$ cat protein.cif   # mmCIF, C-alpha atoms
data_query
loop_
_atom_site.label_atom_id
_atom_site.label_comp_id
_atom_site.auth_asym_id
_atom_site.auth_seq_id
_atom_site.Cartn_x
_atom_site.Cartn_y
_atom_site.Cartn_z
CA MET A 27 16.23 -96.22 -18.83
CA ALA A 28 12.59 -95.29 -19.50
CA GLY A 29 9.81 -97.83 -19.07
CA TYR A 30 8.33 -97.07 -22.48
CA ARG A 31 9.26 -95.93 -25.99
CA LYS A 32 8.78 -92.24 -26.77
CA LEU A 33 8.24 -92.83 -30.52
CA GLY A 34 9.51 -89.32 -31.36
CA ARG A 35 6.30 -87.64 -30.17
CA THR A 36 5.07 -85.48 -27.32
CA SER A 37 3.21 -87.27 -24.53
CA SER A 38 -0.26 -86.23 -25.74
CA GLN A 39 0.47 -87.22 -29.35
CA ARG A 40 1.95 -90.53 -28.22
CA LYS A 41 -1.03 -91.31 -25.99
CA ALA A 42 -3.51 -90.52 -28.79
CA LEU A 43 -1.54 -92.62 -31.29
CA LEU A 44 -1.40 -95.64 -29.00
CA ARG A 45 -5.10 -95.34 -28.02
CA ASN A 46 -6.07 -95.21 -31.70
CA GLN A 47 -3.88 -98.17 -32.67
CA VAL A 48 -5.03 -100.34 -29.73
CA THR A 49 -8.67 -99.55 -30.55
CA ASN A 50 -8.13 -100.52 -34.20
CA LEU A 51 -6.30 -103.71 -33.22
CA LEU A 52 -9.17 -104.84 -30.99
CA TYR A 53 -11.83 -103.78 -33.53
CA HIS A 54 -10.26 -105.25 -36.69
CA GLY A 55 -8.19 -108.05 -35.13
CA ARG A 56 -4.99 -107.07 -36.96
CA ILE A 57 -3.12 -103.94 -38.05
CA ILE A 58 0.14 -103.13 -39.86
CA THR A 59 2.51 -100.72 -38.11
CA THR A 60 6.17 -100.28 -37.22
CA GLU A 61 7.95 -102.64 -34.86
CA ALA A 62 8.48 -100.09 -32.08
CA LYS A 63 4.82 -99.03 -32.12
CA ALA A 64 3.68 -102.68 -32.18
CA LYS A 65 5.68 -103.50 -29.06
CA GLU A 66 4.06 -100.59 -27.21
CA ILE A 67 0.58 -101.50 -28.53
CA ARG A 68 1.08 -105.08 -27.36
CA LYS A 69 1.63 -103.96 -23.73
CA ILE A 70 -1.62 -102.00 -23.63
CA ALA A 71 -3.71 -104.52 -25.59
CA GLU A 72 -2.61 -107.47 -23.42
CA LYS A 73 -3.69 -105.63 -20.24
CA ILE A 74 -7.09 -104.76 -21.72
CA ILE A 75 -7.70 -108.32 -22.93
CA ALA A 76 -6.66 -109.73 -19.53
CA LEU A 77 -9.16 -107.39 -17.87
CA GLY A 78 -11.82 -108.51 -20.39
CA ILE A 79 -11.15 -112.18 -19.61
CA LYS A 80 -11.36 -111.58 -15.87
CA GLU A 81 -14.71 -109.77 -16.10
CA CYS A 82 -16.34 -111.43 -19.15
CA ASN A 83 -18.93 -113.46 -17.16
CA ASN A 84 -19.41 -111.09 -14.24
CA TYR A 85 -22.99 -109.90 -14.78
CA ASP A 86 -26.55 -110.64 -13.69
CA THR A 87 -29.41 -111.26 -16.11
CA VAL A 88 -32.52 -109.35 -15.06
CA THR A 89 -36.02 -109.48 -16.58
CA VAL A 90 -37.72 -106.11 -16.87
CA THR A 91 -41.06 -104.95 -18.24
CA ALA A 92 -40.82 -102.16 -20.81
CA LYS A 93 -43.47 -100.11 -22.58
CA VAL A 94 -42.94 -100.18 -26.34
CA PRO A 95 -45.05 -98.19 -28.82
CA ARG A 96 -47.18 -100.36 -31.11
CA LYS A 97 -46.29 -99.93 -34.79
CA ASP A 98 -48.17 -100.60 -38.02
CA LYS A 99 -46.84 -102.38 -41.14
CA ASP A 100 -45.04 -99.20 -42.31
CA GLY A 101 -43.19 -98.81 -39.00
CA LYS A 102 -45.22 -95.80 -37.83
CA ARG A 103 -46.71 -95.54 -34.36
CA VAL A 104 -50.37 -96.53 -33.94
CA LYS A 105 -52.51 -93.75 -32.45
CA GLU A 106 -55.98 -93.93 -30.89
CA VAL A 107 -58.40 -91.11 -30.13
CA VAL A 108 -59.03 -90.81 -26.37
CA ASP A 109 -61.15 -87.87 -25.09
CA GLY A 110 -60.70 -86.06 -28.40
CA LYS A 111 -56.88 -86.36 -28.37
CA LYS A 112 -54.60 -88.68 -30.37
CA VAL A 113 -52.64 -90.90 -28.01
CA THR A 114 -49.94 -93.45 -28.89
CA VAL A 115 -50.79 -97.05 -28.02
CA TYR A 116 -48.16 -98.89 -25.95
CA ASP A 117 -47.58 -102.63 -25.43
CA GLU A 118 -45.81 -104.09 -22.41
CA VAL A 119 -42.89 -106.35 -23.33
CA GLN A 120 -40.68 -108.54 -21.13
CA LYS A 121 -36.98 -107.99 -21.83
CA GLU A 122 -33.89 -109.66 -20.42
CA ILE A 123 -31.03 -107.27 -19.82
CA ARG A 124 -27.51 -107.73 -18.50
CA LYS A 125 -26.71 -105.83 -15.35
CA ASP A 126 -22.98 -105.44 -14.69
CA GLN A 127 -21.54 -106.33 -11.31
CA PRO A 128 -19.57 -103.47 -9.70
CA SER A 129 -16.19 -104.99 -10.65
CA ARG A 130 -17.25 -105.39 -14.31
CA LEU A 131 -18.48 -101.80 -14.37
CA HIS A 132 -15.13 -100.65 -12.99
CA ALA A 133 -13.30 -102.71 -15.65
CA ARG A 134 -15.53 -101.18 -18.34
CA LYS A 135 -14.60 -97.67 -17.16
CA GLN A 136 -10.89 -98.55 -17.02
CA MET A 137 -11.04 -99.80 -20.62
CA SER A 138 -12.98 -96.68 -21.69
CA LYS A 139 -10.03 -94.55 -20.55
CA THR A 140 -7.92 -96.17 -23.27
CA LEU A 141 -10.31 -97.25 -26.04
CA TYR A 142 -12.20 -94.97 -28.44
CA LYS A 143 -15.65 -95.64 -29.88
CA VAL A 144 -15.58 -96.68 -33.55
CA THR A 145 -18.02 -95.23 -36.10
CA GLU A 146 -18.95 -97.81 -38.71
CA VAL A 147 -20.07 -96.53 -42.13
CA PRO A 148 -21.81 -98.85 -44.64
CA LYS A 149 -19.86 -99.27 -47.91
CA GLU A 150 -22.71 -98.00 -50.13
CA ILE A 151 -22.79 -94.56 -48.53
CA LYS A 152 -19.13 -93.72 -47.87
CA GLY A 153 -18.61 -90.10 -46.85
CA ARG A 154 -22.11 -89.51 -45.46
CA LYS A 155 -23.17 -89.26 -41.85
CA LYS A 156 -26.54 -90.95 -42.38
CA ASN A 157 -27.01 -94.60 -41.31
CA THR A 158 -23.68 -94.74 -39.46
CA LYS A 159 -23.53 -96.67 -36.22
CA THR A 160 -21.20 -96.24 -33.29
CA ILE A 161 -19.63 -99.43 -32.02
CA ASP A 162 -18.42 -99.65 -28.44
CA VAL A 163 -15.11 -101.55 -28.52
CA VAL A 164 -15.26 -102.03 -24.73
CA SER A 165 -18.43 -104.12 -25.14
CA LYS A 166 -16.73 -106.11 -27.89
CA VAL A 167 -13.81 -106.89 -25.57
CA LEU A 168 -16.13 -108.00 -22.75
CA ASP A 169 -18.65 -109.92 -24.90
CA GLU A 170 -16.53 -111.43 -27.72
CA ILE A 171 -12.78 -111.24 -27.09
CA GLY A 172 -12.87 -112.06 -23.34
CA PRO A 173 -14.84 -115.32 -23.65
CA LYS A 174 -12.73 -116.32 -26.69
CA TYR A 175 -9.51 -116.29 -24.64
CA ALA A 176 -11.04 -117.42 -21.31
CA GLU A 177 -10.01 -121.07 -21.79
CA ARG A 178 -6.38 -120.24 -22.69
CA ASN A 179 -3.73 -121.32 -20.20
CA GLY A 180 -1.12 -118.93 -18.87
CA ASN A 181 -0.81 -115.21 -18.61
CA GLY A 182 -0.71 -113.05 -21.70
CA GLY A 183 0.17 -114.16 -25.20
CA TYR A 184 -3.01 -112.82 -26.78
CA THR A 185 -1.21 -110.94 -29.59
CA ARG A 186 1.31 -111.99 -32.22
CA ILE A 187 3.84 -109.79 -34.03
CA ILE A 188 4.96 -110.95 -37.50
CA LYS A 189 7.72 -109.06 -39.31
CA ILE A 190 6.83 -108.06 -42.88
CA GLY A 191 9.99 -106.24 -43.95
CA PRO A 192 11.40 -102.74 -44.28
CA ARG A 193 9.03 -99.95 -45.29
CA ARG A 194 9.71 -98.10 -48.53
CA GLY A 195 10.89 -94.58 -47.92
CA ASP A 196 12.43 -94.73 -44.44
CA ALA A 197 13.28 -98.44 -44.16
CA ALA A 198 11.49 -98.77 -40.81
CA MET A 199 10.70 -102.40 -40.00
CA GLU A 200 6.99 -103.01 -40.68
CA VAL A 201 5.13 -105.66 -38.72
CA LEU A 202 1.69 -107.20 -38.62
CA ILE A 203 0.27 -107.30 -35.09
CA GLU A 204 -2.79 -109.51 -34.66
CA LEU A 205 -4.88 -111.20 -32.03
CA VAL A 206 -3.97 -114.88 -31.74
#
$ encode --input "protein.cif" --output "structure tokens"
Amino acid sequence: MAGYRKLGRTSSQRKALLRNQVTNLLYHGRIITTEAKAKEIRKIAEKIIALGIKECNNYDTVTVTAKVPRKDKDGKRVKEVVDGKKVTVYDEVQKEIRKDQPSRLHARKQMSKTLYKVTEVPKEIKGRKKNTKTIDVVSKVLDEIGPKYAERNGNGGYTRIIKIGPRRGDAAMEVLIELV
């Protein structure tokens, strides 16, 4: 017997489908799908969340000095004339950044193999490419989902499958899969 469900698709289609559904589950927190797909999604999602829990606090905080261009009230860069040329004025700013430990970086790359980046579009401008922002789901797993489940006892159990009923048309059992 196979170790996974084939879902009536070729291997590349199946892999893309599962990657997309796992990404959406971790981004939105819940999705509606068929029971067979949900059971496959659960396997992948649980492994990613477990990896996120293990590596959620594995970073160093480092203070760095960065040069940032000075801006006026309109948000434009301030320029000064030096030796007959216009030169942008820079301010030095202290910033704290997170520097991943090697194991956290490896976990991030392992998650990136499975998860896609999500493009978020504001509701006012649906259908346009302007003002969209790309959200890294891997960072969400490490920064939000991992710490949320860090205090939970036991192994696994981060997702819940609730049966909704048969789907109209083909009578496939529909389920709601969500993060607990």
$ resolve_selection --input "protein.cif" --expression "the PyMOL selection byres ((chain A and resi 122) around 6)" --output "PyMOL selection string"
chain A and resi 88-89+121+123
$ resolve_selection --input "protein.cif" --expression "the PyMOL selection byres ((chain A and resi 151-162) around 12)" --output "number ranges by chain"
A: 49-50, 52-54, 134, 137-138, 141-150, 163-170
$ closest_residue --input "protein.cif" --among "A:Gln120, A:Thr91, A:Thr185, A:Thr59" --to "Leu43 in chain A" --atoms "all atoms listed in the file"
A:Thr59
$ residues_near_point --input "protein.cif" --point "(2.7, -104.4, -42.0)" --cutoff "7 Å" --atoms "all atoms listed in the file" --output "list in words"
Ile58, Thr59, Ile190, Glu200, Val201 and Leu202 of chain A
$ residues_near_point --input "protein.cif" --point "(-48.3, -93.2, -35.8)" --cutoff "10 Å" --atoms "all atoms listed in the file" --output "PDB file with C-alpha atoms, keeping the file's coordinate frame"
ATOM      1  CA  PRO A  95     -45.050 -98.190 -28.820  1.00  0.00           C
ATOM      2  CA  ARG A  96     -47.180-100.360 -31.110  1.00  0.00           C
ATOM      3  CA  LYS A  97     -46.290 -99.930 -34.790  1.00  0.00           C
ATOM      4  CA  ASP A  98     -48.170-100.600 -38.020  1.00  0.00           C
ATOM      5  CA  ASP A 100     -45.040 -99.200 -42.310  1.00  0.00           C
ATOM      6  CA  GLY A 101     -43.190 -98.810 -39.000  1.00  0.00           C
ATOM      7  CA  LYS A 102     -45.220 -95.800 -37.830  1.00  0.00           C
ATOM      8  CA  ARG A 103     -46.710 -95.540 -34.360  1.00  0.00           C
ATOM      9  CA  VAL A 104     -50.370 -96.530 -33.940  1.00  0.00           C
ATOM     10  CA  LYS A 105     -52.510 -93.750 -32.450  1.00  0.00           C
ATOM     11  CA  GLU A 106     -55.980 -93.930 -30.890  1.00  0.00           C
ATOM     12  CA  LYS A 112     -54.600 -88.680 -30.370  1.00  0.00           C
ATOM     13  CA  VAL A 113     -52.640 -90.900 -28.010  1.00  0.00           C
ATOM     14  CA  THR A 114     -49.940 -93.450 -28.890  1.00  0.00           C
ATOM     15  CA  VAL A 115     -50.790 -97.050 -28.020  1.00  0.00           C
TER      16      VAL A 115
END
$ closest_atom_pairs --input "protein.cif" --of "range 69-168 of chain A" --to "range 178-184 of chain A" --cutoff "9 Å" --atoms "all atoms listed in the file" --output "tab-separated table"
residue	atom	partner	partner_atom	distance
A:Ala71	CA	A:Tyr184	CA	8.4
A:Glu72	CA	A:Gly182	CA	6.1
A:Lys73	CA	A:Gly182	CA	8.1
A:Ile75	CA	A:Tyr184	CA	7.6
A:Ala76	CA	A:Gly182	CA	7.2
$ write_last_selection --input "protein.cif" --atoms "C-alpha atoms" --output "short mmCIF file (atom, residue, chain, number, x, y, z; two decimals), in the coordinates of the input"
data_model
loop_
_atom_site.label_atom_id
_atom_site.label_comp_id
_atom_site.auth_asym_id
_atom_site.auth_seq_id
_atom_site.Cartn_x
_atom_site.Cartn_y
_atom_site.Cartn_z
CA ALA A 71 -3.71 -104.52 -25.59
CA GLU A 72 -2.61 -107.47 -23.42
CA LYS A 73 -3.69 -105.63 -20.24
CA ILE A 75 -7.70 -108.32 -22.93
CA ALA A 76 -6.66 -109.73 -19.53
#
$ closest_residue --input "protein.cif" --among "A:Tyr175, A:Asp117, A:Ala197, A:Ile187" --to "Ala64 in chain A" --atoms "all atoms listed in the file"
A:Ile187
$ closest_residue --input "protein.cif" --among "A:Ala198, A:Leu33, A:Ile74, A:Val94" --to "Lys139 in chain A" --atoms "all atoms listed in the file"
A:Ile74
$ atom_distance --input "protein.cif" --atom1 "CA of Lys93 in chain A" --atom2 "CA of Glu118 in chain A"
4.6 Å
$ closest_residue --input "protein.cif" --among "A:Lys189, A:Lys65, A:Lys125, A:Lys32" --to "Tyr85 in chain A" --atoms "all atoms listed in the file"
A:Lys125
$ resolve_selection --input "protein.cif" --expression "the PyMOL selection byres ((chain A and resi 67) around 9)" --output "list in words"
Leu44, Arg45, Gln47, Val48, Leu51, Ala62, Lys63, Ala64, Lys65, Glu66, Arg68, Lys69, Ile70, Ala71, Glu72 and Ile203 of chain A
$ axis_aligned_box --input "protein.cif" --around "range 77-88 of chain A" --padding-each-side "4 Å" --output "lines of an AutoDock Vina configuration file"
center_x = -20.8
center_y = -110.4
center_z = -17.0
size_x = 31.4
size_y = 14.1
size_z = 14.7
$ closest_residue --input "protein.cif" --among "A:Val119, A:Ile171, A:Val107, A:Ile188" --to "Val90 in chain A" --atoms "only C-alpha atoms"
A:Val119
$ closest_residue --input "protein.cif" --among "A:Ala133, A:Gln39, A:Ala92, A:Asp126" --to "Lys80 in chain A" --atoms "only C-alpha atoms"
A:Ala133
$ atom_distance --input "protein.cif" --atom1 "CA of Ala176 in chain A" --atom2 "CA of Thr60 in chain A"
29.0 Å
$ atom_distance --input "protein.cif" --atom1 "CA of His132 in chain A" --atom2 "CA of Thr87 in chain A"
18.1 Å
$ build_atoms --input "protein.cif" --residues "range 44-58 of chain A" --atoms "N, CA, C and O atoms" --output "PDB file, keeping the file's coordinate frame"
ATOM      1  N   LEU A  44      -1.289 -94.290 -29.557  1.00  0.00           N
ATOM      2  CA  LEU A  44      -1.400 -95.640 -29.000  1.00  0.00           C
ATOM      3  C   LEU A  44      -2.861 -96.020 -28.727  1.00  0.00           C
ATOM      4  O   LEU A  44      -3.264 -97.160 -28.970  1.00  0.00           O
ATOM      5  N   ARG A  45      -3.669 -95.061 -28.243  1.00  0.00           N
ATOM      6  CA  ARG A  45      -5.100 -95.340 -28.020  1.00  0.00           C
ATOM      7  C   ARG A  45      -5.775 -95.724 -29.337  1.00  0.00           C
ATOM      8  O   ARG A  45      -6.564 -96.672 -29.395  1.00  0.00           O
ATOM      9  N   ASN A  46      -5.466 -94.955 -30.386  1.00  0.00           N
ATOM     10  CA  ASN A  46      -6.070 -95.210 -31.700  1.00  0.00           C
ATOM     11  C   ASN A  46      -5.648 -96.574 -32.231  1.00  0.00           C
ATOM     12  O   ASN A  46      -6.484 -97.344 -32.725  1.00  0.00           O
ATOM     13  N   GLN A  47      -4.360 -96.905 -32.125  1.00  0.00           N
ATOM     14  CA  GLN A  47      -3.880 -98.170 -32.670  1.00  0.00           C
ATOM     15  C   GLN A  47      -4.401 -99.367 -31.871  1.00  0.00           C
ATOM     16  O   GLN A  47      -4.761-100.382 -32.455  1.00  0.00           O
ATOM     17  N   VAL A  48      -4.489 -99.248 -30.546  1.00  0.00           N
ATOM     18  CA  VAL A  48      -5.030-100.340 -29.730  1.00  0.00           C
ATOM     19  C   VAL A  48      -6.509-100.549 -30.051  1.00  0.00           C
ATOM     20  O   VAL A  48      -6.976-101.688 -30.188  1.00  0.00           O
ATOM     21  N   THR A  49      -7.253 -99.452 -30.196  1.00  0.00           N
ATOM     22  CA  THR A  49      -8.670 -99.550 -30.550  1.00  0.00           C
ATOM     23  C   THR A  49      -8.844-100.262 -31.885  1.00  0.00           C
ATOM     24  O   THR A  49      -9.680-101.160 -32.021  1.00  0.00           O
ATOM     25  N   ASN A  50      -8.046 -99.877 -32.883  1.00  0.00           N
ATOM     26  CA  ASN A  50      -8.130-100.520 -34.200  1.00  0.00           C
ATOM     27  C   ASN A  50      -7.722-101.980 -34.153  1.00  0.00           C
ATOM     28  O   ASN A  50      -8.305-102.811 -34.845  1.00  0.00           O
ATOM     29  N   LEU A  51      -6.716-102.311 -33.350  1.00  0.00           N
ATOM     30  CA  LEU A  51      -6.300-103.710 -33.220  1.00  0.00           C
ATOM     31  C   LEU A  51      -7.438-104.552 -32.649  1.00  0.00           C
ATOM     32  O   LEU A  51      -7.741-105.624 -33.171  1.00  0.00           O
ATOM     33  N   LEU A  52      -8.089-104.070 -31.600  1.00  0.00           N
ATOM     34  CA  LEU A  52      -9.170-104.840 -30.990  1.00  0.00           C
ATOM     35  C   LEU A  52     -10.418-104.871 -31.859  1.00  0.00           C
ATOM     36  O   LEU A  52     -11.176-105.840 -31.838  1.00  0.00           O
ATOM     37  N   TYR A  53     -10.654-103.827 -32.653  1.00  0.00           N
ATOM     38  CA  TYR A  53     -11.830-103.780 -33.530  1.00  0.00           C
ATOM     39  C   TYR A  53     -11.639-104.658 -34.763  1.00  0.00           C
ATOM     40  O   TYR A  53     -12.501-105.462 -35.098  1.00  0.00           O
ATOM     41  N   HIS A  54     -10.490-104.515 -35.436  1.00  0.00           N
ATOM     42  CA  HIS A  54     -10.260-105.250 -36.690  1.00  0.00           C
ATOM     43  C   HIS A  54      -9.598-106.612 -36.476  1.00  0.00           C
ATOM     44  O   HIS A  54      -9.711-107.487 -37.331  1.00  0.00           O
ATOM     45  N   GLY A  55      -8.868-106.781 -35.372  1.00  0.00           N
ATOM     46  CA  GLY A  55      -8.190-108.050 -35.130  1.00  0.00           C
ATOM     47  C   GLY A  55      -6.743-108.048 -35.571  1.00  0.00           C
ATOM     48  O   GLY A  55      -5.954-108.851 -35.105  1.00  0.00           O
ATOM     49  N   ARG A  56      -6.365-107.157 -36.486  1.00  0.00           N
ATOM     50  CA  ARG A  56      -4.990-107.070 -36.960  1.00  0.00           C
ATOM     51  C   ARG A  56      -4.741-105.704 -37.576  1.00  0.00           C
ATOM     52  O   ARG A  56      -5.647-105.128 -38.170  1.00  0.00           O
ATOM     53  N   ILE A  57      -3.513-105.196 -37.418  1.00  0.00           N
ATOM     54  CA  ILE A  57      -3.120-103.940 -38.050  1.00  0.00           C
ATOM     55  C   ILE A  57      -1.655-104.050 -38.473  1.00  0.00           C
ATOM     56  O   ILE A  57      -0.900-104.871 -37.941  1.00  0.00           O
ATOM     57  N   ILE A  58      -1.251-103.212 -39.420  1.00  0.00           N
ATOM     58  CA  ILE A  58       0.140-103.130 -39.860  1.00  0.00           C
ATOM     59  C   ILE A  58       0.704-101.818 -39.342  1.00  0.00           C
ATOM     60  O   ILE A  58       0.115-100.759 -39.539  1.00  0.00           O
TER      61      ILE A  58
END
